[in-house]
Amino acid sequence: MNSSPLVLIIDPDPDSRQILAAFLAHGGYRVEQAADAASGLEAARHHRPAVILGEHPLRLADGQAVCAALHSDPAMSDIPFIAVTANAMLEEVDDAASTHAMVFTKPLDLPAVIRAVRELSVRSSQSSCAG
């Protein structure tokens, strides 16, 4: 059994998911992927990842942010969520930072993402989504 930390990637873009998954796997992480908010939330419930890496904004069909849904569930509220966004405007980055453990803008600095995943996976008992 592989005991390396599990990272869940939630991103509607299959190319982005594959690139992140390959890089994380090369970094020693197990990876699960989800293409949308609802399947990502279900995967988080089922797999209990050490860290979630997801596109921002990521909303469920009812408009609720995935991070808020995670935070409201006591069984998942401690899972750190790293936001990835193509919106590099300061307001967008500030918005993402207000509800996520960390924020990275595209194009991604993949070694920095690995460092963030490593840091957050060892602190997974700390809540990282704002309420």
# chains A, B, ... in the order shown; residues from 1 in each chain; ligands from 1
call {"tool": "residues_around", "arguments": {"residues": "Leu20 in chain A", "least_positions_apart": "2", "cutoff": "12 Å", "atoms": "only C-alpha atoms", "output": "PyMOL selection string"}}
result
chain A and resi 7-11+13-18+22-27+29-33+52-55+84+106-111+113-114+117
call {"tool": "select_by_dssp", "arguments": {"residues": "chain A", "states": "alpha helix (DSSP H)", "output": "number ranges by chain"}}
result
A: 14-26, 37-47, 66-72, 90-97, 110-122
call {"tool": "select_by_dssp", "arguments": {"residues": "chain A", "states": "strand (DSSP E or B)", "output": "ChimeraX atom specification"}}
result
/A:6-10,30-34,51-55,59,65,81-85,102-105
call {"tool": "closest_residue", "arguments": {"among": "A:Ser39, A:Ser3, A:Ser121, A:Thr105", "to": "Pro80 in chain A", "atoms": "only C-alpha atoms"}}
result
A:Ser121
call {"tool": "residues_around", "arguments": {"residues": "range 62-73 of chain A", "least_positions_apart": "5", "cutoff": "10 Å", "atoms": "only C-alpha atoms", "output": "PyMOL selection string"}}
result
chain A and resi 10+36-38+40-41+44-45+52+54+56-57+78-83+99-100+127-131
call {"tool": "atom_distance", "arguments": {"atom1": "CA of Pro49 in chain A", "atom2": "CA of Leu6 in chain A"}}
result
4.9 Å
call {"tool": "atom_distance", "arguments": {"atom1": "CA of Pro12 in chain A", "atom2": "CA of Val103 in chain A"}}
result
17.3 Å
call {"tool": "closest_residue", "arguments": {"among": "A:Ala101, A:His47, A:Gly28, A:Leu60", "to": "Arg123 in chain A", "atoms": "only C-alpha atoms"}}
result
A:Ala101
call {"tool": "atom_distance", "arguments": {"atom1": "CA of Phe104 in chain A", "atom2": "CA of Thr85 in chain A"}}
result
6.4 Å
